[in-house]
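Trainee: Just one file: work-v7.txt, with compact mmCIF, C-alpha atoms.
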# COMPACT_ATOMS: atom_id res chain seq x y z
CA MET A 1 -5.03 2.58 9.07
CA HIS A 2 -4.41 6.08 7.78
CA PRO A 3 -3.20 8.57 10.39
CA PHE A 4 -5.51 11.51 10.93
CA ALA A 5 -3.05 13.83 9.15
CA SER A 6 -3.06 11.60 6.05
CA TYR A 7 -6.87 11.54 6.10
CA VAL A 8 -6.98 15.34 6.19
CA LEU A 9 -4.37 15.62 3.41
CA ARG A 10 -6.41 13.36 1.13
CA ASN A 11 -9.51 15.41 1.86
CA TYR A 12 -7.53 18.52 0.93
CA TYR A 13 -6.49 16.99 -2.41
CA LYS A 14 -10.08 16.02 -3.08
CA ALA A 15 -11.41 19.46 -2.18
CA THR A 16 -8.87 21.22 -4.43
CA GLY A 17 -9.33 18.79 -7.34
CA TRP A 18 -5.80 17.33 -7.31
CA ASN A 19 -5.35 13.73 -8.46
CA GLU A 20 -2.69 12.15 -6.24
CA ASP A 21 -3.12 8.77 -7.95
CA ASN A 22 -1.62 10.04 -11.21
CA LEU A 23 1.95 9.89 -9.90
CA PHE A 24 4.75 7.45 -10.69
CA THR A 25 5.34 7.16 -6.94
CA ASN A 26 1.88 5.56 -6.56
CA LEU A 27 2.21 3.19 -9.53
CA THR A 28 2.04 0.05 -7.35
CA ARG A 29 -0.36 1.37 -4.70
CA SER A 30 -3.03 -1.28 -5.39
CA SER A 31 -0.73 -4.26 -4.74
CA ASP A 32 1.14 -2.52 -1.92
CA ALA A 33 -2.13 -2.17 0.00
CA ILE A 34 -2.34 -5.98 0.22
CA LEU A 35 1.30 -7.06 0.24
CA ASP A 36 3.02 -4.24 2.18
CA PHE A 37 0.49 -3.21 4.81
CA ASN A 38 1.86 -1.84 8.07
CA VAL A 39 1.27 -3.70 11.32
CA PRO A 40 1.20 -1.59 14.53
CA LYS A 41 3.95 -2.30 17.01
CA GLY A 42 3.15 -1.94 20.68
CA LEU A 43 0.22 0.13 21.89
CA HIS A 44 -0.61 3.36 20.06
CA LEU A 45 -3.39 5.83 20.87
CA SER A 46 -4.34 8.92 18.87
CA ILE A 47 -7.02 11.55 19.52
CA SER A 48 -7.83 14.31 17.04
CA LYS A 49 -10.22 17.22 16.96
CA SER A 50 -11.54 19.47 14.20
CA PRO A 51 -13.05 22.54 15.91
CA ASN A 52 -13.82 24.15 12.54
CA ALA A 53 -13.47 23.46 8.83
CA LEU A 54 -10.00 25.06 8.61
CA PHE A 55 -8.11 24.03 11.76
CA LYS A 56 -7.36 20.57 13.14
CA THR A 57 -5.38 19.25 16.09
CA THR A 58 -4.08 15.74 16.69
CA TYR A 59 -2.43 14.08 19.69
CA SER A 60 -0.83 10.64 19.85
CA MET A 61 0.87 8.49 22.47
CA ASN A 62 2.86 5.27 22.34
CA ALA A 63 2.63 3.30 25.58
CA MET A 64 4.67 0.27 24.51
CA PRO A 65 7.49 -0.61 24.17
CA SER A 66 8.53 2.91 25.23
CA LEU A 67 6.50 5.90 26.38
CA ASN A 68 6.47 8.84 23.97
CA GLY A 69 4.00 11.07 22.19
CA SER A 70 3.44 13.87 19.73
CA VAL A 71 1.30 16.96 19.14
CA GLY A 72 0.25 18.08 15.66
CA TYR A 73 -1.62 20.97 14.08
CA ILE A 74 -3.13 21.32 10.60
CA PHE A 75 -4.44 24.43 8.89
CA THR A 76 -5.98 24.69 5.42
CA SER A 77 -7.12 27.64 3.34
CA CYS A 78 -10.28 25.86 2.17
CA ASP A 79 -13.10 24.22 4.08
CA LEU A 80 -12.75 20.47 4.50
CA ASN A 81 -15.60 18.10 5.31
CA VAL A 82 -13.84 15.99 7.95
CA LYS A 83 -16.11 13.35 9.45
CA ASN A 84 -16.14 11.83 12.90
CA SER A 85 -14.42 8.49 13.48
CA GLY A 86 -17.83 7.00 14.25
CA ASP A 87 -19.46 7.86 10.92
CA VAL A 88 -16.55 8.33 8.49
CA ARG A 89 -16.60 6.02 5.47
CA PHE A 90 -14.48 3.11 6.65
CA LYS A 91 -12.80 2.56 3.27
CA ASP A 92 -11.49 6.14 3.40
CA MET A 93 -9.46 5.30 6.50
CA VAL A 94 -7.59 2.22 5.27
CA GLU A 95 -5.19 1.59 2.41
CA ARG A 96 -7.00 -0.87 0.16
CA PHE A 97 -6.99 -2.50 -3.25
CA ARG A 98 -8.51 -0.20 -5.84
CA VAL A 99 -8.78 0.11 -9.58
CA TYR A 100 -8.40 3.85 -9.92
CA ASP A 101 -10.60 6.00 -12.10
CA GLN A 102 -9.64 7.17 -15.55
CA PRO A 103 -6.90 9.86 -15.39
CA ARG A 104 -8.24 13.38 -15.61
CA ARG A 105 -6.88 16.87 -15.94
CA PRO A 106 -6.78 18.59 -12.52
CA GLU A 107 -9.50 21.10 -11.91
CA GLY A 108 -8.41 24.67 -11.31
CA LYS A 109 -9.90 27.03 -8.77
CA GLY A 110 -12.62 29.32 -10.10
CA GLU A 111 -12.23 33.06 -10.37
CA GLU A 112 -13.03 35.10 -7.25
CA TRP A 113 -14.27 38.68 -7.47
CA LEU A 114 -14.75 41.29 -4.75
CA ALA A 115 -16.20 44.74 -5.45
CA GLY A 116 -15.51 44.36 -9.16
CA GLU A 117 -11.86 43.30 -8.64
CA ARG A 118 -10.41 39.85 -9.11
CA VAL A 119 -9.01 38.54 -5.80
CA ASP A 120 -7.92 35.00 -6.60
CA THR A 121 -6.04 33.19 -3.82
CA ARG A 122 -4.00 30.01 -3.76
CA ASP A 123 -5.12 27.02 -1.74
CA TYR A 124 -2.61 25.68 0.76
CA LEU A 125 -2.19 23.27 3.65
CA MET A 126 0.20 23.64 6.59
CA TYR A 127 1.04 20.80 8.96
CA GLY A 128 3.40 20.53 11.89
CA ARG A 129 4.08 17.82 14.47
CA LEU A 130 6.31 17.92 17.57
CA TYR A 131 7.50 14.64 19.09
CA ILE A 132 7.97 14.39 22.85
CA PRO A 133 10.44 13.96 24.50
CA THR A 134 12.90 13.74 21.58
CA GLY A 135 12.05 17.22 20.28
CA ARG A 136 11.84 16.11 16.66
CA LEU A 137 9.78 18.43 14.47
CA ASP A 138 8.06 17.48 11.20
CA ALA A 139 6.58 20.12 8.91
CA LEU A 140 4.71 20.06 5.59
CA TYR A 141 3.50 22.85 3.32
CA SER A 142 1.50 22.14 0.17
CA THR A 143 0.09 24.75 -2.19
CA ARG A 144 -1.49 24.92 -5.64
CA LEU A 145 0.62 27.19 -7.80
CA SER A 146 -1.73 26.85 -10.77
CA ALA A 147 -4.42 24.51 -12.07
CA ASN A 148 -1.80 21.95 -13.19
CA LEU A 149 1.06 22.73 -10.79
CA GLN A 150 1.48 21.88 -7.11
CA GLY A 151 4.41 22.57 -4.81
CA ILE A 152 5.28 20.69 -1.62
CA VAL A 153 7.89 21.54 1.00
CA ALA A 154 8.64 18.99 3.75
CA ALA A 155 11.15 19.37 6.57
CA ILE A 156 12.46 17.24 9.42
CA SER A 157 14.38 18.70 12.35
CA ASP A 158 15.76 16.10 14.73
CA PRO A 159 18.13 17.58 17.32
CA PRO A 160 20.95 15.28 18.47
CA SER A 161 20.34 13.54 21.76
CA PRO A 162 23.10 13.01 24.34
CA LEU A 163 21.64 9.57 25.06
CA SER A 164 21.84 8.44 21.45
CA ALA A 165 24.82 8.07 19.13
CA GLN A 166 22.63 8.48 16.05
CA ALA A 167 23.68 11.27 13.71
CA ASN A 168 21.47 14.25 13.00
CA VAL A 169 18.80 13.29 10.43
CA SER A 170 17.44 16.76 9.74
CA ASN A 171 16.39 17.20 6.13
CA LEU A 172 14.58 19.51 3.74
CA MET A 173 12.68 18.07 0.76
CA LEU A 174 11.15 19.96 -2.15
CA SER A 175 8.68 18.59 -4.68
CA LEU A 176 7.11 20.19 -7.75
CA GLN A 177 4.29 18.22 -9.42
CA HIS A 178 2.96 19.01 -12.88
CA ASP A 179 -0.16 17.09 -13.96
CA VAL A 180 -2.02 17.51 -17.25
CA GLY A 181 -3.91 14.21 -17.11
CA LYS A 182 -2.14 12.51 -19.99
CA TRP A 183 1.25 13.22 -18.46
CA CYS A 184 2.35 13.78 -14.88
CA THR A 185 5.89 14.80 -13.95
CA GLU A 186 7.42 15.31 -10.52
CA TYR A 187 10.68 17.10 -9.72
CA THR A 188 12.20 16.43 -6.30
CA TYR A 189 15.19 17.58 -4.26
CA SER A 190 16.52 16.31 -0.93
CA ALA A 191 19.00 18.50 0.95
CA GLU A 192 20.38 15.71 3.17
CA ASP A 193 22.25 13.97 0.34
CA SER A 194 21.80 16.66 -2.36
CA MET A 195 19.68 14.29 -4.41
CA TRP A 196 17.81 15.54 -7.47
CA GLY A 197 15.07 13.41 -9.04
CA ILE A 198 12.67 13.46 -11.97
CA LYS A 199 9.65 11.16 -12.18
CA ALA A 200 7.27 10.92 -15.13
CA LEU A 201 4.12 8.91 -15.81
CA HIS A 202 2.34 8.65 -19.16
CA ASN A 203 -1.23 7.35 -19.56
CA PHE A 204 -2.09 5.80 -22.90
CA GLY A 205 -5.53 6.30 -24.39
CA ARG A 206 -8.08 8.95 -23.59
CA ILE A 207 -8.40 10.81 -20.34
CA ALA A 208 -11.57 11.80 -18.54
CA GLY A 209 -13.15 15.03 -19.76
CA SER A 210 -11.14 15.09 -22.99
CA GLY A 211 -14.12 16.50 -24.88
CA ASN A 212 -14.52 13.51 -27.16
CA ALA A 213 -17.51 11.30 -27.32
CA ALA A 214 -18.14 9.33 -24.20
CA ASP A 215 -15.98 6.28 -23.98
CA SER A 216 -17.80 3.01 -24.26
CA SER A 217 -16.10 1.94 -21.04
CA GLN A 218 -17.82 4.74 -19.12
CA THR A 219 -21.17 5.12 -20.95
CA PRO A 220 -23.04 2.08 -22.26
CA THR A 221 -23.62 2.35 -26.02
CA ARG A 222 -26.93 1.51 -27.63
CA VAL A 223 -27.31 -1.95 -29.04
CA GLY A 224 -26.62 -2.13 -32.77
CA LEU A 225 -24.69 1.16 -32.94
CA LYS A 226 -20.92 1.20 -33.30
CA ARG A 227 -18.39 3.99 -33.56
CA ILE A 228 -16.06 4.15 -36.53
CA ASP A 229 -12.97 3.75 -34.32
CA GLU A 230 -14.51 1.01 -32.14
CA GLU A 231 -12.89 -2.41 -32.36
CA ASP A 232 -14.57 -5.75 -31.88
CA ALA A 233 -14.26 -7.18 -28.39
CA VAL A 234 -11.74 -9.96 -27.93
CA GLU A 235 -13.12 -12.92 -26.03
CA GLY A 236 -11.15 -14.11 -23.00
CA GLY A 237 -9.11 -10.91 -22.58
CA LEU A 238 -9.04 -8.03 -20.13
CA ARG A 239 -10.02 -4.58 -21.33
CA GLY A 240 -8.39 -1.61 -19.66
CA ARG A 241 -5.75 1.07 -19.92
CA LEU A 242 -1.97 1.18 -19.81
CA SER A 243 0.37 3.53 -17.97
CA ALA A 244 4.17 3.65 -18.15
CA GLY A 245 6.69 5.77 -16.30
CA ALA A 246 10.27 6.15 -15.12
CA GLU A 247 12.35 7.99 -12.56
CA ILE A 248 15.93 9.28 -12.63
CA TYR A 249 17.77 10.49 -9.55
CA LEU A 250 21.27 11.88 -9.00
CA SER A 251 23.05 12.47 -5.69
CA ALA A 252 25.75 15.14 -5.79
CA LYS A 253 26.94 14.31 -2.26
CA GLU A 254 27.23 10.56 -2.75
CA LYS A 255 28.23 10.95 -6.43
CA SER A 256 25.79 8.25 -7.43
CA ALA A 257 22.81 7.96 -9.75
CA GLY A 258 19.94 5.61 -10.41
CA VAL A 259 17.07 4.92 -12.74
CA SER A 260 13.96 2.76 -12.59
CA THR A 261 11.07 2.09 -14.95
CA GLY A 262 7.57 0.79 -14.45
CA ILE A 263 4.42 -0.16 -16.29
CA ARG A 264 0.85 -0.72 -15.09
CA PHE A 265 -2.24 -2.24 -16.65
CA SER A 266 -5.60 -1.55 -14.99
CA THR A 267 -9.01 -2.77 -16.01
CA ILE A 268 -11.84 -0.31 -16.42
CA PRO A 269 -13.63 0.33 -13.09
CA GLU A 270 -17.13 -1.04 -12.72
CA ALA A 271 -19.83 1.45 -13.63
CA LYS A 272 -22.95 2.40 -11.70
CA THR A 273 -25.92 3.94 -13.47
CA PRO A 274 -29.29 5.09 -12.08
CA SER A 275 -32.24 2.99 -13.13
CA THR A 276 -35.48 4.40 -14.50
CA GLY A 277 -37.23 3.84 -11.19
CA GLY A 278 -34.92 6.25 -9.38
CA SER A 279 -33.03 3.59 -7.39
CA THR A 280 -29.43 2.71 -8.14
CA SER A 281 -28.70 -0.47 -10.07
CA ILE A 282 -25.20 -1.88 -10.24
CA ILE A 283 -23.80 -3.12 -13.55
CA ILE A 284 -21.69 -6.15 -12.65
CA PRO A 285 -18.52 -5.98 -14.78
CA PRO A 286 -17.81 -8.88 -17.15
CA GLN A 287 -14.21 -8.89 -15.96
CA PRO A 288 -12.76 -8.81 -12.43
CA PRO A 289 -11.14 -5.52 -11.36
CA THR A 290 -7.47 -6.23 -12.02
CA THR A 291 -4.15 -4.39 -11.77
CA ILE A 292 -0.88 -5.72 -13.22
CA THR A 293 2.39 -3.89 -12.54
CA ALA A 294 6.05 -4.43 -13.42
CA LEU A 295 9.09 -2.52 -12.12
CA PHE A 296 12.72 -2.76 -13.23
CA ASN A 297 15.83 -1.07 -11.85
CA PRO A 298 18.65 -1.80 -14.33
CA MET A 299 21.44 -0.48 -12.07
CA LEU A 300 20.48 -2.62 -9.07
CA GLY A 301 19.18 -5.45 -11.23
CA HIS A 302 15.89 -5.61 -9.36
CA LEU A 303 12.84 -6.88 -11.23
CA SER A 304 9.36 -6.99 -9.68
CA GLY A 305 6.01 -8.07 -11.08
CA ALA A 306 2.65 -8.01 -9.27
CA TYR A 307 -0.84 -9.23 -10.12
CA SER A 308 -3.84 -8.11 -8.08
CA ALA A 309 -7.54 -8.76 -8.63
CA ARG A 310 -10.86 -8.58 -6.81
CA VAL A 311 -12.33 -12.05 -7.17
CA SER A 312 -15.54 -11.24 -5.27
CA PRO A 313 -17.19 -8.11 -3.87
CA ASP A 314 -15.42 -8.66 -0.54
CA LEU A 315 -12.23 -10.53 -1.47
CA ALA A 316 -9.12 -9.27 -3.27
CA LEU A 317 -6.00 -11.34 -3.90
CA SER A 318 -2.50 -10.27 -4.85
CA SER A 319 0.77 -11.96 -5.76
CA ARG A 320 4.22 -10.48 -6.37
CA PHE A 321 7.51 -11.96 -7.55
CA ASP A 322 10.80 -10.14 -6.90
CA PHE A 323 14.01 -11.19 -8.62
CA ASN A 324 17.55 -9.83 -8.82
CA VAL A 325 19.32 -10.53 -12.10
CA TYR A 326 22.77 -10.10 -10.52
CA SER A 327 22.52 -12.17 -7.33
CA TYR A 328 19.67 -14.47 -8.49
CA GLU A 329 17.89 -13.88 -5.20
CA SER A 330 14.11 -14.11 -5.42
CA GLU A 331 11.03 -13.76 -3.25
CA TRP A 332 7.41 -14.66 -3.83
CA THR A 333 4.78 -12.86 -1.76
CA MET A 334 1.06 -13.63 -1.60
CA GLY A 335 -1.66 -11.68 0.13
CA ALA A 336 -5.41 -11.35 0.60
CA GLU A 337 -7.86 -8.66 1.66
CA TYR A 338 -11.31 -9.59 2.96
CA TRP A 339 -14.00 -7.09 3.95
CA LEU A 340 -16.34 -7.77 6.86
CA ARG A 341 -19.95 -6.61 6.50
CA ARG A 342 -23.00 -6.40 8.73
CA ASP A 343 -26.47 -7.72 7.93
CA ASN A 344 -28.62 -6.00 5.33
CA ASP A 345 -31.13 -3.31 6.13
CA PRO A 346 -34.44 -5.14 6.74
CA ASP A 347 -36.28 -2.41 4.78
CA SER A 348 -34.17 -3.01 1.67
CA GLU A 349 -36.08 -4.25 -1.39
CA LEU A 350 -32.99 -5.65 -3.13
CA SER A 351 -33.08 -9.30 -4.05
CA SER A 352 -29.92 -10.01 -6.05
CA PRO A 353 -27.20 -11.63 -3.87
CA ALA A 354 -24.46 -9.49 -5.48
CA VAL A 355 -26.41 -6.29 -4.96
CA GLU A 356 -27.36 -7.26 -1.39
CA SER A 357 -23.71 -7.91 -0.56
CA SER A 358 -22.72 -4.49 -1.89
CA LYS A 359 -25.40 -2.80 0.25
CA LYS A 360 -24.21 -4.30 3.53
CA ARG A 361 -22.35 -1.89 5.78
CA ILE A 362 -18.62 -2.53 6.07
CA HIS A 363 -17.35 -2.66 9.64
CA GLY A 364 -13.89 -4.17 9.23
CA VAL A 365 -11.23 -5.70 7.00
CA VAL A 366 -8.80 -8.58 7.44
CA LYS A 367 -5.47 -8.64 5.61
CA ALA A 368 -2.93 -11.43 5.46
CA ARG A 369 0.33 -11.99 3.62
CA ALA A 370 2.99 -14.69 3.41
CA SER A 371 6.26 -14.94 1.53
CA THR A 372 8.90 -17.51 0.66
CA ASN A 373 11.13 -15.85 3.29
CA ASN A 374 8.86 -17.45 5.93
CA ASP A 375 7.36 -14.10 6.91
CA VAL A 376 3.67 -14.12 7.81
CA ALA A 377 1.59 -11.09 8.80
CA ILE A 378 -2.08 -10.75 9.76
CA LEU A 379 -3.92 -7.46 10.32
CA TRP A 380 -7.48 -6.69 11.40
CA GLU A 381 -8.87 -3.18 11.12
CA GLY A 382 -12.35 -2.32 12.27
CA ARG A 383 -14.63 0.04 14.10
CA MET A 384 -16.14 -0.43 17.54
CA ARG A 385 -18.70 2.27 18.35
CA ASN A 386 -16.85 5.55 17.67
CA MET A 387 -13.31 4.13 17.82
CA LEU A 388 -11.17 2.85 14.94
CA ILE A 389 -9.05 -0.14 15.92
CA SER A 390 -6.12 -1.83 14.22
CA LEU A 391 -4.68 -5.11 15.55
CA GLY A 392 -1.92 -7.15 13.92
CA VAL A 393 0.94 -9.59 14.32
CA ILE A 394 4.11 -10.42 12.34
CA ALA A 395 5.69 -13.87 12.58
CA ASP A 396 8.86 -15.44 11.21
CA PHE A 397 8.80 -19.22 10.77
CA SER A 398 12.37 -19.62 9.55
CA SER A 399 14.65 -22.13 11.23
CA GLN A 400 16.48 -19.36 13.12
CA SER A 401 13.24 -18.07 14.70
CA ARG A 402 11.38 -21.21 15.63
CA VAL A 403 11.91 -20.61 19.35
CA LYS A 404 10.29 -17.13 19.18
CA PRO A 405 8.35 -16.92 15.92
CA ILE A 406 6.46 -13.74 16.88
CA ARG A 407 8.54 -10.77 15.76
CA ALA A 408 6.10 -7.96 16.46
CA MET A 409 2.52 -7.37 17.48
CA GLY A 410 0.51 -4.35 18.45
CA MET A 411 -2.75 -2.46 18.61
CA GLU A 412 -3.68 1.02 17.45
CA LEU A 413 -6.69 3.03 18.67
CA ALA A 414 -7.85 6.18 16.89
CA TYR A 415 -10.63 8.61 17.74
CA PHE A 416 -11.40 11.94 16.11
CA SER A 417 -14.36 14.29 16.07
CA SER A 418 -15.50 17.29 14.09
CA ASP A 419 -17.78 20.11 15.16
CA ASP A 420 -18.53 21.11 11.55
CA SER A 421 -19.06 17.66 10.03
CA VAL A 422 -21.43 17.82 7.07
CA SER A 423 -23.67 14.82 6.55
If you took the structure in this file and wrote it as structure tokens, what would it be?
Mentor:
Amino acid sequence: MHPFASYVLRNYYKATGWNEDNLFTNLTRSSDAILDFNVPKGLHLSISKSPNALFKTTYSMNAMPSLNGSVGYIFTSCDLNVKNSGDVRFKDMVERFRVYDQPRRPEGKGEEWLAGERVDTRDYLMYGRLYIPTGRLDALYSTRLSANLQGIVAAISDPPSPLSAQANVSNLMLSLQHDVGKWCTEYTYSAEDSMWGIKALHNFGRIAGSGNAADSSQTPTRVGLKRIDEEDAVEGGLRGRLSAGAEIYLSAKEKSAGVSTGIRFSTIPEAKTPSTGGSTSIIIPPQPPTTITALFNPMLGHLSGAYSARVSPDLALSSRFDFNVYSYESEWTMGAEYWLRRDNDPDSELSSPAVESSKKRIHGVVKARASTNNDVAILWEGRMRNMLISLGVIADFSSQSRVKPIRAMGMELAYFSSDDSVS
């Protein structure tokens, strides 16, 4: 389940027209949502409030295994349509398998004029959280420097505790993201270990809003007509787009460096077009929504490949194989994501089973994963009245843990409200 701060940050990116999916950091987000989901540990409660469209507050408390809490504040320069936990779109609150839309060039902010003078301002978001009783302080500042440029400053201040021998982990991180749709580069710096990094992602093919004729993958072409550059369809294959990227990082303090590369293939998302009668008809894709990724770190010798697909409207499966070319260690992880829906609206006139399933209201999701390391995890996330609930367990069935196979289990409760929620 997304924390309230992450939900607000994604709303901010959406409101300002920034595409956070076009980053090398998020190359494997689709498979990670199924294979690397987080399970709450202990009992966690969070309450958040949005008194207006610019200011938000959030409070959280951990009751088990130890008692602690935090207080956070968020302020944005632009109005955000933050929903209540009782009516927010459930899929917006959970990390899930997705086939992301075609890359697009970020949209810039329009010109603003006042009394005949141009008074353009930059959008920004400020976030701070204080943890009690440790006194740790987290801070984040994000701003749009231009239509294609975004800057992020993140800081962590963790004062040393006399009861803990842990060293001070205070850090300052800078990030500069440059996105033009076709290319997206990210420059990072971490003050803790003086690490500099460069990440780049290139999308092959056309991007959304390129000005060319509508792509046949987005707009159905008329029967019998064919573009000059259009190729014949290949039977039995997947049609989609390809993205490739790499990252290079160098630590001046540790005097070390690293590099990793990655590639991703994604099928074209299913399209929805309005019918002549005014209602919405869904075009069922001839191919399942699929994402295939591969990562390779030549210095560490780590190779990873993942395959994820939605095999039905409510079921997505994923599989990943990790291998180290130096130690020959390997791990195979499998996972599933199943959406829970309520009964159809009795007034609905839909008759197709696929369309009826898509019109049912989602009220929960179940995730499960298992690996060859004997790790098994199950997570249920749902909504009960106006409360979002997450409940999960992690088990280890190896020979060393047969006496106590349960490693961790917990429950998370989240409630937030907004006085200016727009329906």
Trainee: Which residue, A:Met409, A:Leu303, A:Ala316, A:Val376, has the smallest gap to A:Glu329 when you use all atoms listed in the file?
Mentor: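 Of the candidates, the smallest distance to A:Glu329 is held by A:Leu303.
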Trainee: So which residues are close to (-0.9, -1.1, 5.8), meaning at most 8 Å away in the file's coordinates with only C-alpha atoms counted, and can you show them as a list in words?
Mentor: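 Taken together, the residues in range are Met1, Ala33, Ile34, Asp36, Phe37, Asn38, Val39, Val94 and Glu95 of chain A.
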Trainee: Pick out the closest residue to A:Leu340 from this set: A:Gly382, A:Pro269, A:Gly305, A:Pro103. Count all atoms listed in the file.
Mentor: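 Smallest distance to A:Leu340 is found for A:Gly382.
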Trainee: Would you mind telling me which residue in A:Pro405, A:Pro288, A:Gly128, A:Gly301 lies nearest to A:Leu315 when using all atoms listed in the file?
Mentor: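 Of the candidates, the smallest distance to A:Leu315 is held by A:Pro288.
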Trainee: Just to confirm, what's the straight-line distance from atom CA of A:Gln287 to atom CA of A:Ala368 in Å (one decimal)?
Mentor: 24.3 Å
Trainee: Kindly give the distance, in Å, that separates atom CA of A:Phe4 and atom CA of A:Ala63, rounded to a single decimal.
Mentor: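 Straight-line distance from atom CA of A:Phe4 to atom CA of A:Ala63 works out to 18.7 Å.
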Trainee: List as JSON, numbers by chain the protein and nucleic acid residues near A:Thr291, meaning an atom at most 8 Å away when all atoms listed in the file are counted, but skip any in the same chain fewer than 6 places from it.
Mentor: {"A": [30, 31, 99, 264, 265, 266, 267, 307, 308, 309]}
Trainee: What's around A:Tyr127 at 6 Å? Count all atoms listed in the file, leave out sequence neighbours fewer than 4 positions away in its own chain, and write the answer as a list in words.
Mentor: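 Near A:Tyr127, the qualifying residues are Tyr73, Ile74, Ala139 and Leu140 of chain A.
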Trainee: Up to 10 Å from (1.6, 12.7, -4.7) in the file's coordinates: name the residues, counting all atoms listed in the file, as a PDB file with C-alpha atoms, in the coordinates of the input.
Mentor:
ATOM      1  CA  ARG A  10      -6.410  13.360   1.130  1.00  0.00           C
ATOM      2  CA  TYR A  13      -6.490  16.990  -2.410  1.00  0.00           C
ATOM      3  CA  TRP A  18      -5.800  17.330  -7.310  1.00  0.00           C
ATOM      4  CA  ASN A  19      -5.350  13.730  -8.460  1.00  0.00           C
ATOM      5  CA  GLU A  20      -2.690  12.150  -6.240  1.00  0.00           C
ATOM      6  CA  ASP A  21      -3.120   8.770  -7.950  1.00  0.00           C
ATOM      7  CA  ASN A  22      -1.620  10.040 -11.210  1.00  0.00           C
ATOM      8  CA  LEU A  23       1.950   9.890  -9.900  1.00  0.00           C
ATOM      9  CA  PHE A  24       4.750   7.450 -10.690  1.00  0.00           C
ATOM     10  CA  THR A  25       5.340   7.160  -6.940  1.00  0.00           C
ATOM     11  CA  ASN A  26       1.880   5.560  -6.560  1.00  0.00           C
ATOM     12  CA  GLN A 150       1.480  21.880  -7.110  1.00  0.00           C
ATOM     13  CA  ILE A 152       5.280  20.690  -1.620  1.00  0.00           C
ATOM     14  CA  SER A 175       8.680  18.590  -4.680  1.00  0.00           C
ATOM     15  CA  LEU A 176       7.110  20.190  -7.750  1.00  0.00           C
ATOM     16  CA  GLN A 177       4.290  18.220  -9.420  1.00  0.00           C
ATOM     17  CA  GLU A 186       7.420  15.310 -10.520  1.00  0.00           C
TER      18      GLU A 186
END
Trainee: For a quick check of understanding, using only C-alpha atoms, which of A:Asn68, A:Thr290, A:Ser371, A:Ser60 has the smallest distance to A:Ile132?
Mentor: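 For A:Ile132, the nearest of the candidates is A:Asn68.
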Trainee: Using all atoms listed in the file, can you tell me which of A:Ala246, A:Ile394, A:Leu238, A:Met387 comes closest to A:Gly86?
Mentor: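 Nearest to A:Gly86: A:Met387.
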Trainee: Within 12 Å of A:Ala5, counting only C-alpha atoms, which residues show up once you throw out same-chain ones fewer than 3 positions away? Write them as a PyMOL selection string, please.
Mentor: chain A and resi 1-2+8-12+46-50+55-60+71-76+82+93+125-129+138-140+414+416
Trainee: Grab the atom CA of A:Gly181 to atom CA of A:Gln102 distance for me, in Å with one decimal place.
Mentor: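 Calculated distance between atom CA of A:Gly181 and atom CA of A:Gln102 is 9.2 Å.
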Trainee: Name the residues in contact with A:Tyr187 at a cut-off of 10 Å, using only C-alpha atoms, excluding same-chain residues fewer than 6 positions from it; report them as a PDB file with C-alpha atoms, in the frame of the given file.
Mentor:
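Produced file out.pdb, reproduced below:
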ATOM      1  CA  GLY A 151       4.410  22.570  -4.810  1.00  0.00           C
ATOM      2  CA  LEU A 174      11.150  19.960  -2.150  1.00  0.00           C
ATOM      3  CA  SER A 175       8.680  18.590  -4.680  1.00  0.00           C
ATOM      4  CA  LEU A 176       7.110  20.190  -7.750  1.00  0.00           C
ATOM      5  CA  GLN A 177       4.290  18.220  -9.420  1.00  0.00           C
ATOM      6  CA  HIS A 178       2.960  19.010 -12.880  1.00  0.00           C
ATOM      7  CA  TRP A 196      17.810  15.540  -7.470  1.00  0.00           C
ATOM      8  CA  GLY A 197      15.070  13.410  -9.040  1.00  0.00           C
ATOM      9  CA  ILE A 198      12.670  13.460 -11.970  1.00  0.00           C
ATOM     10  CA  LYS A 199       9.650  11.160 -12.180  1.00  0.00           C
ATOM     11  CA  ALA A 200       7.270  10.920 -15.130  1.00  0.00           C
ATOM     12  CA  GLU A 247      12.350   7.990 -12.560  1.00  0.00           C
ATOM     13  CA  ILE A 248      15.930   9.280 -12.630  1.00  0.00           C
ATOM     14  CA  TYR A 249      17.770  10.490  -9.550  1.00  0.00           C
TER      15      TYR A 249
END
Trainee: Need the axis-aligned box for stretch 7-12 of chain A with 8 Å each side, so what are the centre and edges in Å to one decimal, as AutoDock Vina command-line options?
Mentor:
--center_x -6.9 --center_y 15.0 --center_z 3.6 --size_x 21.1 --size_y 23.0 --size_z 21.3
Trainee: Given the choices A:Asn81, A:Thr293, A:Thr16, A:Ser260, which gets closest to A:Asn148 if the distance is worked out from all atoms listed in the file?
Mentor: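 With all atoms listed in the file as the atom set, the closest residue is A:Thr16.
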Trainee: Could you name the residues that touch A:Ser330 at 10 Å or less, counting all atoms listed in the file, but leaving out those on the same chain fewer than 2 positions away, as an NGL selection string?
Mentor: :A and (302-304 or 321-325 or 327-328 or 332 or 372-373)
Trainee: Atoms to include: C-alpha atoms. Write the selected residues as a tab-separated table (two decimals), in the coordinates of the input.
Mentor:
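Output file result_9.tsv is given in full below:
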chain	number	residue	atom	x	y	z
A	302	HIS	CA	15.89	-5.61	-9.36
A	303	LEU	CA	12.84	-6.88	-11.23
A	304	SER	CA	9.36	-6.99	-9.68
A	321	PHE	CA	7.51	-11.96	-7.55
A	322	ASP	CA	10.80	-10.14	-6.90
A	323	PHE	CA	14.01	-11.19	-8.62
A	324	ASN	CA	17.55	-9.83	-8.82
A	325	VAL	CA	19.32	-10.53	-12.10
A	327	SER	CA	22.52	-12.17	-7.33
A	328	TYR	CA	19.67	-14.47	-8.49
A	332	TRP	CA	7.41	-14.66	-3.83
A	372	THR	CA	8.90	-17.51	0.66
A	373	ASN	CA	11.13	-15.85	3.29
